[in-house]
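A.B. asks: Structure file target.tsv (TSV, C-alpha atoms) right here:
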chain	number	residue	atom	x	y	z
A	1	MET	CA	0.22	-7.89	28.68
A	2	GLN	CA	2.06	-4.63	29.30
A	3	ARG	CA	3.62	-2.60	26.46
A	4	ILE	CA	6.57	-0.27	27.06
A	5	ARG	CA	7.80	2.32	24.56
A	6	LEU	CA	11.46	3.28	24.61
A	7	ARG	CA	13.57	6.04	23.07
A	8	TYR	CA	17.20	5.22	22.44
A	9	THR	CA	20.24	6.86	20.87
A	10	LYS	CA	23.07	6.00	18.49
A	11	ARG	CA	26.06	8.12	19.44
A	12	GLY	CA	29.74	8.34	18.61
A	13	ARG	CA	31.25	5.39	16.78
A	14	LEU	CA	28.11	3.34	17.37
A	15	ARG	CA	26.33	5.40	14.73
A	16	PHE	CA	27.93	2.92	12.33
A	17	THR	CA	25.96	0.01	13.79
A	18	SER	CA	23.31	-1.32	11.44
A	19	HIS	CA	19.72	-1.84	12.49
A	20	ARG	CA	20.34	-5.60	12.58
A	21	ASP	CA	23.38	-5.04	14.84
A	22	PHE	CA	21.22	-3.04	17.23
A	23	GLN	CA	18.51	-5.70	17.23
A	24	ARG	CA	21.03	-8.33	18.31
A	25	ALA	CA	22.51	-6.07	21.00
A	26	PHE	CA	19.05	-5.16	22.31
A	27	GLU	CA	17.88	-8.77	22.52
A	28	ARG	CA	21.03	-9.60	24.51
A	29	ALA	CA	20.25	-6.67	26.81
A	30	LEU	CA	16.73	-8.00	27.35
A	31	ARG	CA	18.16	-11.32	28.49
A	32	ARG	CA	20.80	-9.71	30.75
A	33	ALA	CA	18.18	-7.48	32.38
A	34	GLU	CA	15.86	-10.50	32.82
A	35	VAL	CA	12.96	-8.66	31.22
A	36	PRO	CA	9.78	-10.82	31.22
A	37	MET	CA	9.34	-10.64	27.45
A	38	ALA	CA	6.30	-11.86	25.55
A	39	TYR	CA	7.20	-14.07	22.59
A	40	SER	CA	5.65	-14.69	19.20
A	41	ALA	CA	4.02	-18.05	18.44
A	42	GLY	CA	5.29	-20.59	15.91
A	43	PHE	CA	8.31	-22.82	15.44
A	44	THR	CA	10.85	-20.01	16.02
A	45	PRO	CA	9.47	-17.71	18.73
A	46	HIS	CA	10.95	-14.21	18.89
A	47	PRO	CA	10.61	-11.55	21.57
A	48	LYS	CA	7.82	-9.13	20.73
A	49	VAL	CA	9.79	-6.01	19.83
A	50	SER	CA	8.45	-3.47	17.32
A	51	TYR	CA	10.94	-1.06	15.77
A	52	ALA	CA	9.84	2.18	14.13
A	53	ASN	CA	11.63	4.04	11.34
A	54	ALA	CA	15.26	3.27	12.20
A	55	ALA	CA	17.93	5.77	11.12
A	56	PRO	CA	20.26	4.75	8.26
A	57	THR	CA	23.58	3.11	9.12
A	58	GLY	CA	26.29	5.73	9.63
A	59	THR	CA	24.01	8.43	11.00
A	60	GLY	CA	23.79	9.35	14.65
A	61	SER	CA	20.46	9.71	16.39
A	62	GLU	CA	18.98	11.08	19.58
A	63	ALA	CA	15.49	9.83	18.77
A	64	GLU	CA	15.05	6.17	17.84
A	65	TYR	CA	11.93	4.37	19.06
A	66	LEU	CA	10.78	0.84	19.78
A	67	GLU	CA	8.05	-0.94	21.71
A	68	ILE	CA	8.28	-4.15	23.73
A	69	ALA	CA	5.56	-6.42	25.10
A	70	LEU	CA	5.90	-7.91	28.59
A	71	THR	CA	4.17	-10.82	30.29
A	72	ALA	CA	4.46	-9.13	33.71
A	73	ALA	CA	4.19	-5.46	34.59
A	74	ARG	CA	7.35	-3.45	35.23
A	75	GLU	CA	7.90	0.17	36.21
A	76	PRO	CA	9.07	1.95	33.01
A	77	GLU	CA	11.92	3.97	34.57
A	78	THR	CA	13.33	0.96	36.44
A	79	LEU	CA	13.21	-1.04	33.22
A	80	ARG	CA	14.91	1.79	31.32
A	81	VAL	CA	17.82	1.87	33.77
A	82	LEU	CA	18.31	-1.92	33.64
A	83	LEU	CA	18.31	-1.98	29.85
A	84	ASP	CA	20.58	1.05	29.57
A	85	GLU	CA	23.13	-0.62	31.86
A	86	SER	CA	23.01	-3.74	29.67
A	87	LEU	CA	23.83	-1.91	26.43
A	88	PRO	CA	27.18	-0.46	25.30
A	89	THR	CA	27.76	3.25	25.80
A	90	GLY	CA	26.46	5.05	22.72
A	91	LEU	CA	23.40	2.84	22.46
A	92	ASP	CA	21.59	4.51	25.34
A	93	ILE	CA	18.01	4.05	26.52
A	94	VAL	CA	17.01	7.59	27.45
A	95	ASP	CA	13.23	7.45	27.89
A	96	ALA	CA	10.54	4.91	28.72
A	97	VAL	CA	6.75	5.13	29.05
A	98	GLU	CA	3.96	2.62	29.34
A	99	ALA	CA	1.99	2.47	26.09
A	100	ARG	CA	-1.47	3.81	26.86
A	101	THR	CA	-2.36	4.96	23.36
A	102	SER	CA	-2.28	3.28	19.96
A	103	GLY	CA	-0.29	4.02	16.85
A	104	LEU	CA	3.26	5.00	17.82
A	105	ALA	CA	4.45	4.50	14.24
A	106	ASP	CA	1.63	6.73	13.00
A	107	ARG	CA	3.02	9.57	15.11
A	108	LEU	CA	6.44	9.41	13.46
A	109	THR	CA	5.64	11.61	10.48
A	110	ALA	CA	8.77	13.79	10.32
A	111	SER	CA	12.38	14.05	11.50
A	112	VAL	CA	14.72	16.86	12.50
A	113	TRP	CA	18.30	16.34	11.28
A	114	GLU	CA	21.55	18.20	11.84
A	115	LEU	CA	24.18	18.00	9.09
A	116	ARG	CA	27.73	19.03	9.87
A	117	LEU	CA	29.64	19.89	6.68
A	118	ASP	CA	33.33	20.14	7.56
A	119	GLY	CA	35.36	22.02	4.97
A	120	VAL	CA	32.33	23.95	3.68
A	121	ASP	CA	32.16	27.72	4.08
A	122	PRO	CA	28.89	28.73	5.80
A	123	ALA	CA	28.29	31.42	3.16
A	124	ASP	CA	28.47	28.80	0.39
A	125	ALA	CA	26.06	26.59	2.35
A	126	GLU	CA	23.65	29.50	2.80
A	127	ARG	CA	23.63	30.19	-0.96
A	128	ALA	CA	22.95	26.51	-1.64
A	129	VAL	CA	20.11	26.44	0.89
A	130	ARG	CA	18.49	29.48	-0.72
A	131	ALA	CA	18.74	27.82	-4.14
A	132	PHE	CA	17.20	24.62	-2.78
A	133	ASP	CA	14.33	26.53	-1.13
A	134	ALA	CA	13.64	28.46	-4.32
A	135	ALA	CA	13.49	25.35	-6.50
A	136	GLU	CA	10.07	23.90	-7.32
A	137	SER	CA	11.60	20.49	-7.95
A	138	VAL	CA	14.93	18.92	-6.99
A	139	GLU	CA	15.50	15.59	-8.70
A	140	VAL	CA	18.02	13.25	-7.11
A	141	GLN	CA	19.13	9.71	-7.80
A	142	ARG	CA	19.65	6.83	-5.41
A	143	MET	CA	21.00	3.37	-6.06
A	144	THR	CA	18.53	0.68	-4.95
A	145	LYS	CA	18.54	-3.10	-5.24
A	146	ASN	CA	16.49	-2.64	-8.42
A	147	GLY	CA	18.89	-0.12	-9.94
A	148	VAL	CA	19.09	3.66	-9.98
A	149	ARG	CA	15.91	5.44	-8.89
A	150	THR	CA	15.19	9.11	-9.66
A	151	PHE	CA	12.74	11.08	-7.51
A	152	ASP	CA	11.93	14.63	-6.40
A	153	ALA	CA	13.35	15.38	-2.96
A	154	ARG	CA	11.95	18.92	-2.68
A	155	PRO	CA	8.33	18.28	-1.49
A	156	ALA	CA	9.42	16.30	1.58
A	157	VAL	CA	11.65	19.10	2.92
A	158	VAL	CA	9.63	21.23	5.35
A	159	HIS	CA	12.49	23.43	6.49
A	160	LEU	CA	16.19	23.81	5.69
A	161	GLU	CA	18.48	26.41	7.22
A	162	THR	CA	22.10	27.12	8.10
A	163	LEU	CA	22.98	27.57	11.75
A	164	SER	CA	25.48	29.82	13.47
A	165	GLU	CA	29.03	28.53	13.79
A	166	THR	CA	29.68	26.23	16.73
A	167	ALA	CA	32.40	26.91	19.28
A	168	ASP	CA	33.69	23.33	19.38
A	169	ARG	CA	35.11	23.22	15.86
A	170	PRO	CA	38.72	24.10	14.91
A	171	THR	CA	38.80	27.83	14.19
A	172	ASP	CA	41.12	27.43	11.19
A	173	GLN	CA	38.74	25.12	9.32
A	174	PRO	CA	35.44	26.18	7.74
A	175	CYS	CA	32.37	24.26	8.83
A	176	ALA	CA	28.71	24.70	7.89
A	177	ILE	CA	25.90	23.35	10.05
A	178	LEU	CA	22.51	22.68	8.46
A	179	ARG	CA	19.22	21.99	10.24
A	180	LEU	CA	16.70	19.98	8.25
A	181	VAL	CA	13.07	19.05	8.89
A	182	VAL	CA	11.82	16.39	6.49
A	183	ARG	CA	8.51	14.58	6.17
A	184	HIS	CA	8.46	10.79	6.19
A	185	VAL	CA	7.19	10.02	2.70
A	186	THR	CA	7.49	7.22	0.16
A	187	PRO	CA	10.13	6.95	-1.16
A	188	ALA	CA	11.85	8.14	2.01
A	189	VAL	CA	13.91	11.31	1.58
A	190	ARG	CA	17.08	10.96	3.64
A	191	PRO	CA	19.69	13.58	4.58
A	192	ASP	CA	22.07	12.27	1.90
A	193	ASP	CA	19.32	12.84	-0.69
A	194	VAL	CA	19.09	16.48	0.43
A	195	LEU	CA	22.87	16.77	0.13
A	196	SER	CA	22.58	15.38	-3.41
A	197	GLY	CA	19.93	18.01	-4.05
A	198	LEU	CA	22.21	20.80	-2.81
A	199	ARG	CA	24.89	19.52	-5.16
A	200	ALA	CA	22.38	19.49	-8.03
A	201	VAL	CA	21.03	23.02	-7.52
A	202	ALA	CA	24.16	24.81	-6.28
A	203	ASP	CA	27.16	22.53	-6.87
A	204	LEU	CA	27.71	22.24	-3.12
A	205	ALA	CA	30.05	19.27	-2.58
A	206	PRO	CA	31.56	18.80	0.91
A	207	PRO	CA	35.18	17.55	0.72
A	208	VAL	CA	34.50	14.95	3.43
A	209	PRO	CA	31.34	12.97	4.27
A	210	ALA	CA	28.80	14.91	6.31
A	211	ALA	CA	28.31	14.06	9.98
A	212	VAL	CA	24.55	13.52	10.25
A	213	THR	CA	22.51	13.28	13.45
A	214	ARG	CA	18.77	12.86	13.90
A	215	LEU	CA	17.76	15.22	16.71
A	216	ALA	CA	14.07	14.35	16.89
A	217	GLN	CA	11.27	12.53	15.16
A	218	GLY	CA	7.56	12.66	15.80
A	219	LEU	CA	4.32	14.20	14.63
A	220	LEU	CA	4.75	17.21	12.36
A	221	ASP	CA	2.78	20.31	13.34
A	222	GLU	CA	1.87	21.67	9.90
A	223	GLU	CA	1.18	25.18	11.24
A	224	THR	CA	4.48	25.71	13.07
A	225	GLY	CA	6.72	23.15	11.35
A	226	ALA	CA	7.68	21.76	14.77
A	227	VAL	CA	8.18	18.05	15.38
A	228	THR	CA	6.47	16.97	18.60
A	229	ASP	CA	7.41	14.27	21.12
A	230	PRO	CA	5.67	11.01	20.07
A	231	LEU	CA	5.67	9.71	23.65
A	232	ALA	CA	3.83	12.75	25.04
A	233	PRO	CA	0.32	11.26	24.52
A	234	ASP	CA	1.31	8.22	26.61
A	235	ARG	CA	2.63	10.43	29.41
A	236	GLU	CA	-0.54	12.51	29.36
A	237	ALA	CA	-2.70	9.38	29.47
A	238	ALA	CA	-0.66	8.03	32.40
A	239	GLU	CA	-1.02	11.31	34.28
A	240	ALA	CA	-4.78	11.35	33.66
A	241	PHE	CA	-5.03	7.76	34.91
A	242	THR	CA	-3.06	8.60	38.06
A	243	THR	CA	-5.19	11.67	38.70
A	244	ALA	CA	-8.39	9.65	38.26
A	245	ASP	CA	-7.10	7.01	40.69
A	246	ALA	CA	-6.23	9.66	43.27
A	247	THR	CA	-9.63	11.31	42.90
A	248	ALA	CA	-11.41	7.98	43.32
A	249	ALA	CA	-9.34	7.16	46.40
A	250	ALA	CA	-10.14	10.54	47.95
A	251	LYS	CA	-13.88	10.01	47.40
A	252	ALA	CA	-13.90	6.46	48.74
A	253	PRO	CA	-15.48	6.07	52.19
A	254	ALA	CA	-13.02	5.76	55.04
Go through the file and emit its structure as structure tokens.
C.D. replies:
Amino acid sequence: MQRIRLRYTKRGRLRFTSHRDFQRAFERALRRAEVPMAYSAGFTPHPKVSYANAAPTGTGSEAEYLEIALTAAREPETLRVLLDESLPTGLDIVDAVEARTSGLADRLTASVWELRLDGVDPADAERAVRAFDAAESVEVQRMTKNGVRTFDARPAVVHLETLSETADRPTDQPCAILRLVVRHVTPAVRPDDVLSGLRAVADLAPPVPAAVTRLAQGLLDEETGAVTDPLAPDREAAEAFTTADATAAAKAPA
């Protein structure tokens, strides 16, 4: 059985698709692309697809991950192209590797988010960020199925900064851009929780909902604060395997 790991995006209006919506669209794409899927056992077999840490509905993402199991081997890039062509534009398959290591989900320990705050002056955002960074604790509330839950959002935030103004925004409207690196903890701290924290510590309240995009997710380097590519170990293992094969072929007697 071959396992393929894929990175996909949620762009434009398709950021409003729920995880369940994507699951249905992806399973249709598997059928259209005639992927030789492995199926679970039991009375209602399902294709063996493992999803990891999906972004909340309404947020864009450049770094969503899943893994599929196949009954016959396929070349990852060819499979990526077939699946990408079978999905609507905005749900794009942008990377594929053969799984040669274990624990993809274990390598998704942090995310990098970009928050676009239209109508917010960058100077006001910078003051709010400094207040958030200086706080030892930032309690926020979230409505759950069991009622309102209060938790501290501050420990999960590794880095929070304001970015320079972007050239693509209307020049007559203020706009603040925030870059956020957050650990994946329990309970999960989401970008909207950080926005609630900025409101709590500095009364920062964007006049319109923030446009939120996940730029990356992967293993957090505690020394540098960088978030690394979770598929890199599989690529390195594949390269080592190819090199070993080539070396063995070169040493084989003619």
A.B. asks: With distances taken over only C-alpha atoms, which of A:Asp21, A:Glu126, A:Glu114, A:Glu85 is nearest to Val182 of chain A?
C.D. replies: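 Result for the nearest residue to Val182 of chain A: A:Glu114.
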A.B. asks: Figure out the distance between atom CA of Arg74 of chain A and atom CA of Ser61 of chain A, please, to one decimal in Å.
C.D. replies: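 Going from atom CA of Ser61 of chain A over to atom CA of Arg74 of chain A covers 26.5 Å.
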A.B. asks: Which residue is closest to Arg149 of chain A? Choose from A:Pro122, A:Pro187, A:Gly90, A:Gly58 and count all atoms listed in the file.
C.D. replies: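 For Arg149 of chain A, the nearest of the given residues is A:Pro187.
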A.B. asks: Kindly indicate which residue among A:Glu161, A:Asp192, A:Glu75, A:Glu136 lies nearest to Ala176 of chain A, using all atoms listed in the file for the distances.
C.D. replies: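 Checking each candidate against Ala176 of chain A, we get A:Glu161 as the closest.
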A.B. asks: Given all atoms listed in the file as the basis, pick out the residue of A:Ala123, A:Ala237, A:Leu6, A:Ala135 nearest to Leu178 of chain A.
C.D. replies: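 So, comparing all the options, the nearest one is A:Ala123.
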A.B. asks: Could you put an axis-aligned box around every listed atom of segment 53-60 of chain A, padded by 3 Å on each side, and send me its centre and edge lengths in Å to one decimal, as JSON?
C.D. replies:
{"center_x": 19.0, "center_y": 6.2, "center_z": 11.5, "size_x": 20.7, "size_y": 12.2, "size_z": 12.4}
A.B. asks: Name all residues at most 7 Å from segment 43-51 of chain A (count only C-alpha atoms; drop same-chain ones fewer than 5 positions away) and give them as an mmCIF file with C-alpha atoms, in the frame of the given file.
C.D. replies:
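Printed below is out03.cif as written:
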data_model
loop_
_atom_site.group_PDB
_atom_site.id
_atom_site.type_symbol
_atom_site.label_atom_id
_atom_site.label_comp_id
_atom_site.auth_asym_id
_atom_site.auth_seq_id
_atom_site.Cartn_x
_atom_site.Cartn_y
_atom_site.Cartn_z
ATOM 1 C CA MET A 37 9.340 -10.640 27.450
ATOM 2 C CA ALA A 38 6.300 -11.860 25.550
ATOM 3 C CA TYR A 65 11.930 4.370 19.060
ATOM 4 C CA LEU A 66 10.780 0.840 19.780
ATOM 5 C CA GLU A 67 8.050 -0.940 21.710
ATOM 6 C CA ILE A 68 8.280 -4.150 23.730
ATOM 7 C CA ALA A 69 5.560 -6.420 25.100
#
A.B. asks: Give me the residues within 6 Å of Ala216 of chain A as a PyMOL selection string, counting all atoms listed in the file and dropping any in the same chain fewer than 2 places off.
C.D. replies: chain A and resi 63+111-112+214
A.B. asks: Of the candidates A:Thr101, A:Thr17, A:Thr71, A:Asn53, which one gets nearest to Leu231 of chain A if we count only C-alpha atoms?
C.D. replies: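 Checking each of A:Thr101, A:Thr17, A:Thr71, A:Asn53 against Leu231 of chain A, counting only C-alpha atoms, the winner is A:Thr101.
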A.B. asks: Quick one: everything within 12 Å of Thr186 of chain A, counting only C-alpha atoms, minus sequence neighbours fewer than 6 positions away in the same chain. Send it as a ChimeraX atom specification.
C.D. replies: /A:109,151-153,155-156
A.B. asks: Kindly give the distance, in Å, that separates atom CA of Glu77 of chain A and atom CA of Trp113 of chain A, rounded to a single decimal.
C.D. replies: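 A separation of 27.1 Å between them.
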A.B. asks: Check the smallest atom-to-atom distance from each of A:Ala41, A:Val158, A:Val138, A:Leu91 to Glu62 of chain A using only C-alpha atoms, then report the winner.
C.D. replies: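 Closest residue, counting only C-alpha atoms: A:Leu91.
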A.B. asks: Show which residues sit within 8 Å of Asp203 of chain A, as a list of chain:residue names. Count only C-alpha atoms, and ignore same-chain residues fewer than 4 positions away.
C.D. replies: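 Neighbouring residues, sequence-local ones excluded: A:Ala128, A:Leu198, A:Arg199.
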